[in-house]
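Trainee: my_file.pdb is the file, holding PDB, C-alpha atoms, pLDDT in the B column:
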ATOM      1  CA  MET A 267      12.696  21.553  -3.542  1.00 92.00           C
ATOM      2  CA  ARG A 268      15.962  23.077  -2.311  1.00 94.00           C
ATOM      3  CA  ALA A 269      15.735  25.850  -4.921  1.00 95.00           C
ATOM      4  CA  ALA A 270      12.142  26.715  -3.956  1.00 94.00           C
ATOM      5  CA  PHE A 271      12.994  26.652  -0.247  1.00 96.00           C
ATOM      6  CA  ASN A 272      15.970  28.960  -0.727  1.00 96.00           C
ATOM      7  CA  ALA A 273      14.007  31.263  -3.034  1.00 95.00           C
ATOM      8  CA  ASP A 274      11.732  31.973  -0.056  1.00 94.00           C
ATOM      9  CA  ALA A 275      14.625  32.853   2.283  1.00 94.00           C
ATOM     10  CA  GLY A 276      13.662  35.708   4.563  1.00 95.00           C
ATOM     11  CA  LYS A 277      10.200  34.232   5.149  1.00 94.00           C
ATOM     12  CA  VAL A 278       8.816  31.857   7.744  1.00 95.00           C
ATOM     13  CA  ARG A 279       8.289  28.510   5.961  1.00 96.00           C
ATOM     14  CA  VAL A 280       6.398  25.299   6.690  1.00 96.00           C
ATOM     15  CA  LEU A 281       7.433  21.940   5.243  1.00 97.00           C
ATOM     16  CA  MET A 282       5.498  18.738   5.708  1.00 97.00           C
ATOM     17  CA  VAL A 283       6.569  15.230   4.692  1.00 97.00           C
ATOM     18  CA  VAL A 284       3.505  13.054   4.166  1.00 96.00           C
ATOM     19  CA  SER A 285       2.266   9.998   2.281  1.00 94.00           C
ATOM     20  CA  PRO A 286      -0.712  10.266  -0.092  1.00 93.00           C
ATOM     21  CA  THR A 287      -2.108   6.966   1.221  1.00 92.00           C
ATOM     22  CA  CYS A 288      -1.710   7.490   4.968  1.00 92.00           C
ATOM     23  CA  GLY A 289      -4.923   8.599   6.650  1.00 93.00           C
ATOM     24  CA  ALA A 290      -3.144  10.196   9.619  1.00 94.00           C
ATOM     25  CA  CYS A 291      -0.791  12.036   7.225  1.00 94.00           C
ATOM     26  CA  LEU A 292      -3.699  13.388   5.211  1.00 94.00           C
ATOM     27  CA  GLU A 293      -5.489  14.526   8.359  1.00 95.00           C
ATOM     28  CA  GLY A 294      -2.289  16.190   9.627  1.00 96.00           C
ATOM     29  CA  ALA A 295      -1.660  17.825   6.249  1.00 95.00           C
ATOM     30  CA  SER A 296      -5.209  19.165   6.227  1.00 94.00           C
ATOM     31  CA  GLU A 297      -4.964  20.545   9.766  1.00 95.00           C
ATOM     32  CA  VAL A 298      -1.512  22.121   9.380  1.00 95.00           C
ATOM     33  CA  SER A 299      -2.270  23.587   5.955  1.00 93.00           C
ATOM     34  CA  GLY A 300      -5.527  24.965   7.393  1.00 92.00           C
ATOM     35  CA  GLN A 301      -3.515  26.743  10.084  1.00 92.00           C
ATOM     36  CA  VAL A 302      -1.161  28.160   7.444  1.00 92.00           C
ATOM     37  CA  ALA A 303      -4.046  29.232   5.201  1.00 89.00           C
ATOM     38  CA  GLY A 304      -5.648  31.045   8.149  1.00 89.00           C
ATOM     39  CA  ILE A 305      -2.398  32.832   8.926  1.00 86.00           C
ATOM     40  CA  ASN A 306      -1.735  33.734   5.302  1.00 79.00           C
ATOM     41  CA  HIS A 307      -4.423  36.430   5.324  1.00 68.00           C
ATOM     42  CA  GLY A 308      -2.151  39.430   4.760  1.00 54.00           C
ATOM     43  CA  LYS A 309       1.074  37.496   5.412  1.00 70.00           C
ATOM     44  CA  THR A 310       3.122  35.111   3.359  1.00 84.00           C
ATOM     45  CA  VAL A 311       4.090  31.764   4.849  1.00 92.00           C
ATOM     46  CA  PRO A 312       5.218  29.444   2.049  1.00 93.00           C
ATOM     47  CA  LEU A 313       4.043  25.871   2.504  1.00 94.00           C
ATOM     48  CA  TYR A 314       5.945  22.934   1.012  1.00 95.00           C
ATOM     49  CA  VAL A 315       4.356  19.502   0.810  1.00 95.00           C
ATOM     50  CA  LEU A 316       6.744  16.641   0.168  1.00 95.00           C
ATOM     51  CA  TRP A 317       4.779  13.539  -0.810  1.00 94.00           C
ATOM     52  CA  VAL A 318       6.676  10.313  -0.063  1.00 93.00           C
ATOM     53  CA  PRO A 319       6.103   6.623  -0.923  1.00 92.00           C
ATOM     54  CA  ARG A 320       5.127   5.389   2.539  1.00 85.00           C
ATOM     55  CA  SER A 321       2.103   3.198   3.329  1.00 79.00           C
ATOM     56  CA  GLY A 322       2.108   2.019  -0.285  1.00 80.00           C
ATOM     57  CA  GLY A 323       1.841   5.559  -1.655  1.00 81.00           C
ATOM     58  CA  ARG A 324       2.735   6.139  -5.289  1.00 80.00           C
ATOM     59  CA  GLU A 325       3.014   9.223  -7.432  1.00 75.00           C
ATOM     60  CA  ARG A 326      -0.285   8.412  -9.127  1.00 83.00           C
ATOM     61  CA  ASP A 327      -1.985   8.715  -5.696  1.00 79.00           C
ATOM     62  CA  VAL A 328      -0.891  12.320  -5.208  1.00 81.00           C
ATOM     63  CA  PRO A 329      -3.354  14.203  -7.484  1.00 71.00           C
ATOM     64  CA  ALA A 330      -6.391  12.774  -5.679  1.00 77.00           C
ATOM     65  CA  THR A 331      -5.023  13.789  -2.274  1.00 80.00           C
ATOM     66  CA  THR A 332      -3.752  17.300  -2.952  1.00 76.00           C
ATOM     67  CA  ARG A 333      -7.242  18.581  -2.172  1.00 78.00           C
ATOM     68  CA  VAL A 334      -6.581  18.021   1.543  1.00 83.00           C
ATOM     69  CA  VAL A 335      -4.027  20.846   1.442  1.00 86.00           C
ATOM     70  CA  ALA A 336      -6.026  23.931   2.391  1.00 77.00           C
ATOM     71  CA  ASP A 337      -3.463  26.457   1.140  1.00 74.00           C
ATOM     72  CA  SER A 338      -3.846  26.609  -2.647  1.00 74.00           C
ATOM     73  CA  SER A 339      -0.466  28.314  -2.992  1.00 79.00           C
ATOM     74  CA  ALA A 340       1.388  25.304  -1.538  1.00 87.00           C
ATOM     75  CA  HIS A 341       4.446  23.999  -3.366  1.00 90.00           C
ATOM     76  CA  GLU A 342       4.019  20.248  -3.807  1.00 91.00           C
ATOM     77  CA  PHE A 343       6.771  17.748  -4.642  1.00 94.00           C
ATOM     78  CA  TRP A 344       6.975  13.981  -5.144  1.00 94.00           C
ATOM     79  CA  ASP A 345      10.021  12.154  -3.696  1.00 94.00           C
ATOM     80  CA  GLY A 346       9.598   8.700  -5.210  1.00 93.00           C
ATOM     81  CA  ASN A 347      12.863   7.378  -3.785  1.00 94.00           C
ATOM     82  CA  ASP A 348      12.243   8.836  -0.301  1.00 94.00           C
ATOM     83  CA  LEU A 349      15.637  10.568  -0.473  1.00 95.00           C
ATOM     84  CA  LEU A 350      14.559  13.486   1.700  1.00 95.00           C
ATOM     85  CA  GLY A 351      12.986  11.066   4.148  1.00 94.00           C
ATOM     86  CA  ILE A 352      16.447   9.551   4.528  1.00 95.00           C
ATOM     87  CA  ASP A 353      18.038  13.009   4.841  1.00 97.00           C
ATOM     88  CA  TYR A 354      15.520  14.180   7.427  1.00 97.00           C
ATOM     89  CA  LYS A 355      16.104  10.956   9.378  1.00 96.00           C
ATOM     90  CA  GLN A 356      19.637  12.255   9.928  1.00 96.00           C
ATOM     91  CA  VAL A 357      18.582  15.848  10.550  1.00 97.00           C
ATOM     92  CA  LEU A 358      15.985  14.886  13.165  1.00 97.00           C
ATOM     93  CA  GLY A 359      18.060  12.069  14.687  1.00 96.00           C
ATOM     94  CA  TRP A 360      15.345   9.488  14.045  1.00 97.00           C
ATOM     95  CA  ARG A 361      15.712   5.713  13.700  1.00 96.00           C
ATOM     96  CA  GLY A 362      13.604   5.512  10.540  1.00 94.00           C
ATOM     97  CA  ASN A 363      13.021   7.683   7.510  1.00 95.00           C
ATOM     98  CA  ALA A 364      11.096  10.843   8.262  1.00 95.00           C
ATOM     99  CA  TRP A 365       7.443  11.031   7.281  1.00 95.00           C
ATOM    100  CA  ASP A 366       4.214  12.292   8.818  1.00 97.00           C
ATOM    101  CA  VAL A 367       6.306  15.214  10.089  1.00 98.00           C
ATOM    102  CA  TYR A 368       5.477  18.936  10.029  1.00 98.00           C
ATOM    103  CA  MET A 369       8.410  21.349  10.208  1.00 98.00           C
ATOM    104  CA  LEU A 370       8.682  25.059  10.784  1.00 98.00           C
ATOM    105  CA  TYR A 371      11.576  27.220   9.601  1.00 97.00           C
ATOM    106  CA  GLY A 372      12.395  30.786  10.523  1.00 96.00           C
ATOM    107  CA  PRO A 373      13.346  33.435   7.975  1.00 95.00           C
ATOM    108  CA  LYS A 374      17.093  32.845   8.388  1.00 96.00           C
ATOM    109  CA  ALA A 375      17.007  29.168   7.397  1.00 97.00           C
ATOM    110  CA  GLN A 376      19.060  28.328   4.296  1.00 96.00           C
ATOM    111  CA  TRP A 377      19.538  24.979   2.614  1.00 96.00           C
ATOM    112  CA  SER A 378      23.233  25.141   1.821  1.00 94.00           C
ATOM    113  CA  GLY A 379      24.697  21.686   2.532  1.00 91.00           C
ATOM    114  CA  ASP A 380      23.937  18.192   1.373  1.00 92.00           C
ATOM    115  CA  LEU A 381      21.328  17.789   4.112  1.00 96.00           C
ATOM    116  CA  PRO A 382      18.312  20.056   4.541  1.00 97.00           C
ATOM    117  CA  PRO A 383      18.540  22.492   7.452  1.00 97.00           C
ATOM    118  CA  ALA A 384      17.242  21.498  10.863  1.00 97.00           C
ATOM    119  CA  PRO A 385      13.805  22.978  11.517  1.00 98.00           C
ATOM    120  CA  ASP A 386      13.296  25.587  14.217  1.00 97.00           C
ATOM    121  CA  PHE A 387      10.339  23.503  15.402  1.00 98.00           C
ATOM    122  CA  PHE A 388       8.618  20.297  14.332  1.00 98.00           C
ATOM    123  CA  MET A 389       5.783  17.973  15.275  1.00 98.00           C
ATOM    124  CA  HIS A 390       4.936  14.499  14.017  1.00 98.00           C
ATOM    125  CA  GLN A 391       2.556  11.541  14.248  1.00 97.00           C
ATOM    126  CA  THR A 392       5.051   8.668  14.390  1.00 96.00           C
ATOM    127  CA  SER A 393       6.723   6.608  17.097  1.00 95.00           C
ATOM    128  CA  GLU A 394       9.882   8.722  16.831  1.00 96.00           C
ATOM    129  CA  LYS A 395      11.116  11.323  19.317  1.00 93.00           C
ATOM    130  CA  GLY A 396       9.747  14.847  19.365  1.00 95.00           C
ATOM    131  CA  PRO A 397       6.406  16.496  20.051  1.00 96.00           C
ATOM    132  CA  ARG A 398       3.212  14.918  18.730  1.00 97.00           C
ATOM    133  CA  LEU A 399       1.213  16.940  16.227  1.00 98.00           C
ATOM    134  CA  ASP A 400      -1.170  19.502  17.680  1.00 97.00           C
ATOM    135  CA  ALA A 401      -2.211  21.723  14.775  1.00 97.00           C
ATOM    136  CA  ASP A 402      -3.337  24.585  17.028  1.00 96.00           C
ATOM    137  CA  GLU A 403       0.033  24.625  18.799  1.00 97.00           C
ATOM    138  CA  PHE A 404       1.798  24.423  15.446  1.00 97.00           C
ATOM    139  CA  GLY A 405      -0.179  27.454  14.281  1.00 96.00           C
ATOM    140  CA  ARG A 406       0.805  29.367  17.420  1.00 96.00           C
ATOM    141  CA  ARG A 407       4.461  28.572  16.744  1.00 97.00           C
ATOM    142  CA  VAL A 408       4.139  29.868  13.176  1.00 95.00           C
ATOM    143  CA  LYS A 409       2.663  33.134  14.467  1.00 94.00           C
ATOM    144  CA  GLN A 410       5.496  33.464  17.006  1.00 94.00           C
ATOM    145  CA  LEU A 411       8.075  33.334  14.230  1.00 93.00           C
ATOM    146  CA  LEU A 412       6.330  35.960  12.081  1.00 90.00           C
TER     147      LEU A 412
END
Since I need it in another form, could you write the structure as structure tokens?
Mentor:
Amino acid sequence: MRAAFNADAGKVRVLMVVSPTCGACLEGASEVSGQVAGINHGKTVPLYVLWVPRSGGRERDVPATTRVVADSSAHEFWDGNDLLGIDYKQVLGWRGNAWDVYMLYGPKAQWSGDLPPAPDFFMHQTSEKGPRLDADEFGRRVKQLL
């Protein structure tokens, strides 16, 4: 995922960490990817979907749920050991591994260290700190960065 993220340097990027068996995650992924798909008319905003094994999710669950992602050009990855969930826990300063989180990166973001870069903005649907997901607001923030 790091290579794909860095290959899109210079662009606004959206990364979501979601479980294929979490209803709220799937709803959030649908809403956020719908915002990105609507914005992508004439613009390029790469979307990365990191599927993680939360709520009993397994890799075999992913193919059936990818249809909720409205942007057909999305880059999708499976993180079976939840390694990036652990990394994003540190990046976001959360108590638990990151999931059900939707992150926005500006064009200058680079993934150069061991940890992924901190997002310019994020929203989530967990009990952790930070703003709760509002897909319309997330879409407005994407447009502001373009």
Trainee: Rounded to one decimal in Å, what is the spacing between CA of Val283 in chain A and CA of Val328 in chain A?
Mentor: 12.7 Å
Trainee: Run the PyMOL selection byres ((chain A and resi 376) around 12) on the file and write out the hits as a PyMOL selection string.
Mentor: chain A and resi 268-279+371-375+377-386
Trainee: If you apply the PyMOL selection byres ((chain A and resi 338) around 12) to this file, what residues do you get, as a PDB file with C-alpha atoms, keeping the file's coordinate frame?
Mentor:
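File produced: expr.pdb:
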ATOM      1  CA  SER A 296      -5.209  19.165   6.227  1.00 94.00           C
ATOM      2  CA  SER A 299      -2.270  23.587   5.955  1.00 93.00           C
ATOM      3  CA  GLY A 300      -5.527  24.965   7.393  1.00 92.00           C
ATOM      4  CA  VAL A 302      -1.161  28.160   7.444  1.00 92.00           C
ATOM      5  CA  ALA A 303      -4.046  29.232   5.201  1.00 89.00           C
ATOM      6  CA  GLY A 304      -5.648  31.045   8.149  1.00 89.00           C
ATOM      7  CA  ASN A 306      -1.735  33.734   5.302  1.00 79.00           C
ATOM      8  CA  PRO A 312       5.218  29.444   2.049  1.00 93.00           C
ATOM      9  CA  LEU A 313       4.043  25.871   2.504  1.00 94.00           C
ATOM     10  CA  TYR A 314       5.945  22.934   1.012  1.00 95.00           C
ATOM     11  CA  VAL A 315       4.356  19.502   0.810  1.00 95.00           C
ATOM     12  CA  THR A 332      -3.752  17.300  -2.952  1.00 76.00           C
ATOM     13  CA  ARG A 333      -7.242  18.581  -2.172  1.00 78.00           C
ATOM     14  CA  VAL A 334      -6.581  18.021   1.543  1.00 83.00           C
ATOM     15  CA  VAL A 335      -4.027  20.846   1.442  1.00 86.00           C
ATOM     16  CA  ALA A 336      -6.026  23.931   2.391  1.00 77.00           C
ATOM     17  CA  ASP A 337      -3.463  26.457   1.140  1.00 74.00           C
ATOM     18  CA  SER A 339      -0.466  28.314  -2.992  1.00 79.00           C
ATOM     19  CA  ALA A 340       1.388  25.304  -1.538  1.00 87.00           C
ATOM     20  CA  HIS A 341       4.446  23.999  -3.366  1.00 90.00           C
ATOM     21  CA  GLU A 342       4.019  20.248  -3.807  1.00 91.00           C
TER      22      GLU A 342
END
Trainee: Got a sec to resolve the PyMOL selection byres ((chain A and resi 346) around 8) on this structure and send the residues as an MDAnalysis selection string?
Mentor: chainID A and resid 318:319 324:325 344:345 347:349
Trainee: Could you give me, as a PDB file with C-alpha atoms, in the frame of the given file, the residues within 8 Å of range 398-411 of chain A, counting all atoms listed in the file and dropping anything in the same chain fewer than 3 positions from it?
Mentor:
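Resulting contents of result.pdb:
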ATOM      1  CA  VAL A 278       8.816  31.857   7.744  1.00 95.00           C
ATOM      2  CA  GLY A 294      -2.289  16.190   9.627  1.00 96.00           C
ATOM      3  CA  GLU A 297      -4.964  20.545   9.766  1.00 95.00           C
ATOM      4  CA  VAL A 298      -1.512  22.121   9.380  1.00 95.00           C
ATOM      5  CA  GLN A 301      -3.515  26.743  10.084  1.00 92.00           C
ATOM      6  CA  VAL A 302      -1.161  28.160   7.444  1.00 92.00           C
ATOM      7  CA  ILE A 305      -2.398  32.832   8.926  1.00 86.00           C
ATOM      8  CA  TYR A 368       5.477  18.936  10.029  1.00 98.00           C
ATOM      9  CA  LEU A 370       8.682  25.059  10.784  1.00 98.00           C
ATOM     10  CA  GLY A 372      12.395  30.786  10.523  1.00 96.00           C
ATOM     11  CA  PHE A 387      10.339  23.503  15.402  1.00 98.00           C
ATOM     12  CA  MET A 389       5.783  17.973  15.275  1.00 98.00           C
ATOM     13  CA  HIS A 390       4.936  14.499  14.017  1.00 98.00           C
ATOM     14  CA  GLN A 391       2.556  11.541  14.248  1.00 97.00           C
ATOM     15  CA  THR A 392       5.051   8.668  14.390  1.00 96.00           C
TER      16      THR A 392
END
Trainee: For a quick check of understanding, using all atoms listed in the file, which of A:Gly359, A:Gly351, A:Pro329, A:Pro286 has the smallest distance to Glu394 in chain A?
Mentor: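 The closest residue to Glu394 in chain A is A:Gly359.
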Trainee: If you count all atoms listed in the file, which residues fall within 6 Å of Ser285 in chain A, apart from same-chain ones fewer than 6 positions away, as an mmCIF file with C-alpha atoms, in the frame of the given file?
Mentor:
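Result went into out.cif, see below:
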data_model
loop_
_atom_site.group_PDB
_atom_site.id
_atom_site.type_symbol
_atom_site.label_atom_id
_atom_site.label_comp_id
_atom_site.auth_asym_id
_atom_site.auth_seq_id
_atom_site.Cartn_x
_atom_site.Cartn_y
_atom_site.Cartn_z
ATOM 1 C CA TRP A 317 4.779 13.539 -0.810
ATOM 2 C CA VAL A 318 6.676 10.313 -0.063
ATOM 3 C CA ARG A 320 5.127 5.389 2.539
ATOM 4 C CA GLY A 323 1.841 5.559 -1.655
#
Trainee: Please measure the separation of CA of Asp366 in chain A and CA of Phe388 in chain A, giving the value in Å to one decimal.
Mentor: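 Atom-to-atom, CA of Asp366 in chain A to CA of Phe388 in chain A, that is 10.7 Å.
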Trainee: Mind giving me the straight-line distance from CA of Met282 in chain A to CA of Trp365 in chain A in Å, one decimal?
Mentor: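 Computed distance, CA of Met282 in chain A to CA of Trp365 in chain A, equals 8.1 Å.
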Trainee: Could you tell me which of A:Ala364, A:Ile352, A:Leu358, A:Val284 comes closest to Gly322 in chain A if we count all atoms listed in the file?
Mentor: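 Of A:Ala364, A:Ile352, A:Leu358, A:Val284, the one nearest Gly322 in chain A is A:Val284, counting all atoms listed in the file.
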Trainee: Taking into account all atoms listed in the file, which residue in the set A:Val367, A:Val357, A:Leu412, A:Ala290 is nearest to Thr310 in chain A?
Mentor: A:Leu412
Trainee: Using 4 Å of padding on each side, determine the axis-aligned box around all atoms of range 336-350 of chain A present in the file and give its centre and edge lengths in Å to one decimal, as JSON.
Mentor:
{"center_x": 4.8, "center_y": 17.8, "center_z": -1.4, "size_x": 29.7, "size_y": 28.9, "size_z": 15.6}
